[in-house]
There are 2 protein chains.
Amino acid sequence: MASHSVETAPAPLLSFEQLRTALRHVGEERYHHRHPFHLLMHDGKLSRGQLQAWALNRYYYQSVIPIKDAIIISRSDDPAFRRAWRKRIIDHDGDATSEGGLKRWLKLAEATGLDPDRVTAGHEMLPATRYAVNEYLNLVRARPLLEAVASSLTELFSRDLISLRMDKVREHYPWLTDGLDYFEARLTQAPDDASFALNYVYTHAKSREEQERGIQTLRDKCDILWAQLDALYFAYVQPGWPPPGAFRIEG
Amino acid sequence: MASHSVETAPAPLLSFEQLRTALRHVGEERYHHRHPFHLLMHDGKLSRGQLQAWALNRYYYQSVIPIKDAIIISRSDDPAFRRAWRKRIIDHDGDATSEGGLKRWLKLAEATGLDPDRVTAGHEMLPATRYAVNEYLNLVRARPLLEAVASSLTELFSRDLISLRMDKVREHYPWLTDGLDYFEARLTQAPDDASFALNYVYTHAKSREEQERGIQTLRDKCDILWAQLDALYFAYVQPGWPPPGAFRIEG
C-alpha cells in the first residue's frame, strides 16, 4: 500500500469531547433502540407471548453480566479500579440491602406470566441468544482490558431507552407495570457506570489507535445486543420460526 | 425429586448400534438439511446474491474448522489420536499435494461472483455467524475431550446432504458448477472422519451418562449449524434485514 511507504504523522488523539461524540455517533447508528423488535414493543404491538420470549431470552444476558464484570475485575492489577468496578456485580447479584438486578429481571419475567424456574433453567432460550451473549464473555476475556471496559459503554445510551420503555410499558402493557423495578434501578445505576467507563477509556487510551479500538469495541458490543433482537424477531415475529427445542408461544 | 430418594440401577450402556441409532435420530430432527434456507437452495429458489451471502458467511465456519481441530489435538495426550485427527487439519489447510478445503471453498465463493479477498477479510459477515461459529470453539475448548470429539459427528449426516446439494446445484445453478470441488472432496473425507469419531465416542464413553452427554453435544452442534442458517434467512430472505455493516445484496 502506498500509505505505508510515506512518512505520515500519527493521527492526533481525540479530546474528551471528540471521543464522547464519536462514541455517541456509534450509538445513534447501531444501538438497539433502533431495532424493529424494540420499535414494535414501544408501539404496543407485541403480544404477551412475544414479551415472554423477550424476557426469557434476555435473562441469559442479564445472568452473564456479573460474570463478565468479574472477568474484567480479574484482569486488573489496580485495587482502586477493582473496587470501583465491583459495584456492578453488587448491582446485579444484590447484597444485604438490595435484591439485585437478576432478581428484578425475574420479577419482570414473572409479570409476563412465566414461571421464574423456567427462565433460570435456560433450556428454552434461543441458541442464538446463548452464542451472542457468550461472545460478550469471549470479548472481555480475550481483548485488552481497555476494550473490555469500552464494551460496557452501551450504558451511555441505556438511560434514554429505559425511560422511554417504562413510559411505553405503562401505556401499552399496564399488566406488566409490576415488573418494572429492574428498569427503575438501572435509571440511576447505568449513567454512573457509563461515566466511569468513559473516563477510564479516555484516560487509558494512550494513542489514537487505542481510542479507535475502543470505539470499534462499542460497535462490536452494539452488534451483540442487535443480534439478540434479530434472533427474537426471526423466531417470534417474522417468519416466526423458533429453532428445534426453543420456547414456543402458547395458543 | 422422588427419583433421587429411591435406589435405581444406573442406566445401561448403549450398544454400538443403539448409540449410532440415537445419534442418527438427533440428525433427523436437528441437522440443517431440514432448514428452510437449504430447502430454498435445493428447490432452486435462491438468487445469486443470496448464494453469495451464504458462501461469504459460511467461509467463516470453514476457516475455523482447522483451528477447532488443532484445539482438539492440543487436548489429547495420546499420540495415536493426535496423528489420526491431524488429517482433518490437512484436509482443510492443504499440503504439498492438495490445495485443501479452505481454498476450495473460496473457489465456490468466487463462482458466485465474489472477490475472494472480500470473503477472507470477513468484514461483511453477519455478527450472528461469528457468534455461532465462535461457540464451536468455546465448546471444544471448555468441554471434556469426549464431547469435543462428539461435536464433529454432524459428519455422519453430511455426505447425504452434500450429494443432494451437488445434484441440485448442477440442476438449478449450473453457473456455480465450477465451484463444487469443495463438496466433491468432502464426499470421501467426511465419512472417514465420522466413522473414526463414532468409534472414539463409543470406545471412550464409560457410562451411559457420558454417552448421553455425547448425544447432547451432537444436538448442540446441530444448533450451531442451524443458527447460522437462521441468521442468513433473517438477513437475506425474510424479512431481509442485514444488520448494520453486514454484506448487502447488490441491485
# chains A, B, ... in the order shown; residues from 1 in each chain; ligands from 1
$ closest_atom_pairs --of "chain B" --to "chain A" --cutoff "9 Å" --atoms "only C-alpha atoms" --output "CSV"
residue,atom,partner,partner_atom,distance
B:Glu29,CA,A:Pro244,CA,7.9
B:Arg30,CA,A:Pro244,CA,6.6
B:Leu126,CA,A:Ala227,CA,8.9
B:Pro127,CA,A:Asp223,CA,6.5
B:Ala128,CA,A:Ala227,CA,6.0
B:Arg130,CA,A:Glu135,CA,8.7
B:Tyr131,CA,A:Tyr131,CA,5.1
B:Ala132,CA,A:Tyr131,CA,5.4
B:Val133,CA,A:Tyr131,CA,8.5
B:Asn134,CA,A:Glu135,CA,7.4
B:Glu135,CA,A:Tyr131,CA,5.9
B:Asn138,CA,A:Asn138,CA,8.6
B:Asp220,CA,A:Pro127,CA,8.5
B:Asp223,CA,A:Pro127,CA,6.5
B:Ile224,CA,A:Pro127,CA,7.5
B:Trp226,CA,A:Pro243,CA,7.5
B:Ala227,CA,A:Ala128,CA,6.0
B:Gln228,CA,A:Ala128,CA,8.6
B:Asp230,CA,A:Phe234,CA,7.5
B:Ala231,CA,A:Ala231,CA,7.4
B:Tyr233,CA,A:Phe234,CA,8.6
B:Phe234,CA,A:Phe234,CA,6.1
B:Ala235,CA,A:Asp230,CA,8.7
B:Gln238,CA,A:Pro239,CA,6.7
B:Pro239,CA,A:Gln238,CA,6.7
B:Trp241,CA,A:Asp230,CA,8.7
B:Pro243,CA,A:Trp226,CA,7.5
B:Pro244,CA,A:Arg30,CA,6.6
$ select_by_dssp --residues "stretch 19-249 of chain B" --states "helix (DSSP H, G or I)" --output "PyMOL selection string"
chain B and resi 19-30+32-34+36-42+48-74+79-93+101-111+116-121+127-142+145-172+174-179+181-204+208-236
$ residues_around --residues "A:Pro174" --least-positions-apart "4" --cutoff "12 Å" --atoms "only C-alpha atoms" --output "PyMOL selection string"
chain A and resi 44+48+111-112+166-170+178-180
$ write_last_selection --atoms "N, CA and C atoms" --output "short mmCIF file (atom, residue, chain, number, x, y, z; two decimals), in the first residue's frame"
data_model
loop_
_atom_site.label_atom_id
_atom_site.label_comp_id
_atom_site.auth_asym_id
_atom_site.auth_seq_id
_atom_site.Cartn_x
_atom_site.Cartn_y
_atom_site.Cartn_z
N GLY A 44 -46.53 -0.82 21.23
CA GLY A 44 -47.59 -1.62 21.84
C GLY A 44 -48.03 -2.78 20.99
N ARG A 48 -48.34 -10.82 24.54
CA ARG A 48 -47.78 -11.31 25.80
C ARG A 48 -46.75 -12.42 25.54
N ALA A 111 -43.95 -11.23 35.71
CA ALA A 111 -45.08 -10.35 35.35
C ALA A 111 -45.59 -10.65 33.93
N THR A 112 -44.73 -11.22 33.06
CA THR A 112 -45.23 -11.63 31.74
C THR A 112 -46.02 -12.93 31.81
N MET A 166 -40.12 2.47 29.92
CA MET A 166 -41.00 2.47 31.08
C MET A 166 -42.32 3.20 30.76
N ASP A 167 -42.21 4.33 30.06
CA ASP A 167 -43.43 5.04 29.65
C ASP A 167 -44.30 4.16 28.76
N LYS A 168 -43.66 3.49 27.79
CA LYS A 168 -44.42 2.71 26.81
C LYS A 168 -45.04 1.46 27.43
N VAL A 169 -44.34 0.88 28.39
CA VAL A 169 -44.92 -0.28 29.07
C VAL A 169 -46.18 0.15 29.84
N ARG A 170 -46.05 1.26 30.56
CA ARG A 170 -47.22 1.73 31.33
C ARG A 170 -48.40 2.04 30.40
N ASP A 178 -45.93 -3.99 37.16
CA ASP A 178 -45.33 -4.54 38.39
C ASP A 178 -43.92 -5.07 38.17
N GLY A 179 -43.56 -5.27 36.92
CA GLY A 179 -42.25 -5.85 36.64
C GLY A 179 -41.18 -4.83 36.32
N LEU A 180 -41.46 -3.55 36.57
CA LEU A 180 -40.53 -2.50 36.11
C LEU A 180 -39.40 -2.15 37.07
#
$ residues_around --residues "B:Lys221" --least-positions-apart "6" --cutoff "8 Å" --atoms "only C-alpha atoms" --output "compact mmCIF listing (two decimals) with C-alpha atoms, in the first residue's frame"
# COMPACT_ATOMS: atom_id res chain seq x y z
CA TYR B 136 -18.00 -24.09 18.37
CA SER B 151 -19.26 -32.35 18.24
CA SER B 152 -17.78 -33.48 14.91
CA THR B 154 -22.58 -34.00 12.23
$ residues_around --residues "B:Gly100" --least-positions-apart "6" --cutoff "12 Å" --atoms "only C-alpha atoms" --output "PyMOL selection string"
chain B and resi 62-63+65-66+87-94+106-107+181-186+189
$ atom_distance --atom1 "atom CA of B:Leu13" --atom2 "atom CA of B:Asn199"
14.6 Å
$ atom_distance --atom1 "atom CA of A:Leu156" --atom2 "atom CA of A:Ala194"
5.2 Å
$ decode --residues "stretch 172-249 of chain B" --atoms "C-alpha atoms" --output "mmCIF file, in the first residue's frame"
data_model
loop_
_atom_site.group_PDB
_atom_site.id
_atom_site.type_symbol
_atom_site.label_atom_id
_atom_site.label_comp_id
_atom_site.auth_asym_id
_atom_site.auth_seq_id
_atom_site.Cartn_x
_atom_site.Cartn_y
_atom_site.Cartn_z
ATOM 1 C CA HIS B 172 -30.611 -25.156 -10.691
ATOM 2 C CA TYR B 173 -27.399 -23.135 -10.607
ATOM 3 C CA PRO B 174 -25.259 -24.509 -13.469
ATOM 4 C CA TRP B 175 -23.107 -21.342 -13.359
ATOM 5 C CA LEU B 176 -21.959 -22.497 -9.899
ATOM 6 C CA THR B 177 -20.798 -25.945 -11.040
ATOM 7 C CA ASP B 178 -17.144 -24.871 -11.264
ATOM 8 C CA GLY B 179 -17.223 -24.213 -7.529
ATOM 9 C CA LEU B 180 -18.113 -27.753 -6.468
ATOM 10 C CA ASP B 181 -14.597 -29.065 -5.737
ATOM 11 C CA TYR B 182 -15.061 -28.467 -2.024
ATOM 12 C CA PHE B 183 -18.091 -30.732 -1.875
ATOM 13 C CA GLU B 184 -16.515 -33.345 -4.140
ATOM 14 C CA ALA B 185 -13.617 -33.725 -1.686
ATOM 15 C CA ARG B 186 -15.906 -33.860 1.348
ATOM 16 C CA LEU B 187 -17.808 -36.815 -0.147
ATOM 17 C CA THR B 188 -14.913 -39.086 0.786
ATOM 18 C CA GLN B 189 -13.338 -37.142 3.678
ATOM 19 C CA ALA B 190 -16.464 -36.742 5.825
ATOM 20 C CA PRO B 191 -17.497 -40.418 6.125
ATOM 21 C CA ASP B 192 -13.961 -41.461 7.193
ATOM 22 C CA ASP B 193 -13.926 -38.737 9.835
ATOM 23 C CA ALA B 194 -17.410 -39.608 11.085
ATOM 24 C CA SER B 195 -16.535 -43.259 11.400
ATOM 25 C CA PHE B 196 -13.388 -42.504 13.430
ATOM 26 C CA ALA B 197 -15.250 -40.107 15.765
ATOM 27 C CA LEU B 198 -18.152 -42.501 16.269
ATOM 28 C CA ASN B 199 -15.776 -45.298 17.219
ATOM 29 C CA TYR B 200 -13.931 -42.946 19.558
ATOM 30 C CA VAL B 201 -17.093 -41.870 21.353
ATOM 31 C CA TYR B 202 -18.294 -45.461 21.657
ATOM 32 C CA THR B 203 -14.955 -46.699 22.984
ATOM 33 C CA HIS B 204 -14.293 -43.838 25.409
ATOM 34 C CA ALA B 205 -17.735 -43.199 26.899
ATOM 35 C CA LYS B 206 -17.522 -45.278 30.070
ATOM 36 C CA SER B 207 -21.045 -44.650 31.361
ATOM 37 C CA ARG B 208 -24.487 -44.113 29.968
ATOM 38 C CA GLU B 209 -24.264 -40.570 31.280
ATOM 39 C CA GLU B 210 -21.165 -39.940 29.175
ATOM 40 C CA GLN B 211 -22.906 -41.443 26.174
ATOM 41 C CA GLU B 212 -25.872 -39.138 26.775
ATOM 42 C CA ARG B 213 -23.549 -36.152 27.008
ATOM 43 C CA GLY B 214 -22.051 -37.149 23.669
ATOM 44 C CA ILE B 215 -25.538 -37.287 22.175
ATOM 45 C CA GLN B 216 -26.401 -33.906 23.699
ATOM 46 C CA THR B 217 -23.224 -32.438 22.226
ATOM 47 C CA LEU B 218 -24.327 -33.523 18.780
ATOM 48 C CA ARG B 219 -27.625 -31.694 19.419
ATOM 49 C CA ASP B 220 -25.662 -28.615 20.461
ATOM 50 C CA LYS B 221 -23.528 -28.799 17.333
ATOM 51 C CA CYS B 222 -26.640 -29.107 15.145
ATOM 52 C CA ASP B 223 -27.925 -25.933 16.836
ATOM 53 C CA ILE B 224 -24.714 -24.137 15.851
ATOM 54 C CA LEU B 225 -25.253 -25.045 12.192
ATOM 55 C CA TRP B 226 -28.972 -24.241 12.354
ATOM 56 C CA ALA B 227 -28.414 -20.798 13.887
ATOM 57 C CA GLN B 228 -26.122 -19.840 11.012
ATOM 58 C CA LEU B 229 -28.910 -20.510 8.533
ATOM 59 C CA ASP B 230 -31.497 -18.712 10.680
ATOM 60 C CA ALA B 231 -29.272 -15.643 10.552
ATOM 61 C CA LEU B 232 -28.881 -15.915 6.761
ATOM 62 C CA TYR B 233 -32.608 -16.367 6.302
ATOM 63 C CA PHE B 234 -33.433 -13.395 8.526
ATOM 64 C CA ALA B 235 -30.924 -11.094 6.838
ATOM 65 C CA TYR B 236 -31.285 -12.146 3.189
ATOM 66 C CA VAL B 237 -34.630 -13.899 2.686
ATOM 67 C CA GLN B 238 -37.315 -12.774 5.094
ATOM 68 C CA PRO B 239 -37.772 -10.143 6.459
ATOM 69 C CA GLY B 240 -34.488 -9.417 4.702
ATOM 70 C CA TRP B 241 -32.750 -7.152 7.197
ATOM 71 C CA PRO B 242 -28.999 -7.483 7.361
ATOM 72 C CA PRO B 243 -27.679 -5.808 10.500
ATOM 73 C CA PRO B 244 -25.648 -2.564 10.277
ATOM 74 C CA GLY B 245 -22.349 -3.094 8.450
ATOM 75 C CA ALA B 246 -23.089 -6.575 7.035
ATOM 76 C CA PHE B 247 -22.974 -7.706 3.387
ATOM 77 C CA ARG B 248 -25.798 -6.328 1.270
ATOM 78 C CA ILE B 249 -27.075 -7.936 -1.895
#
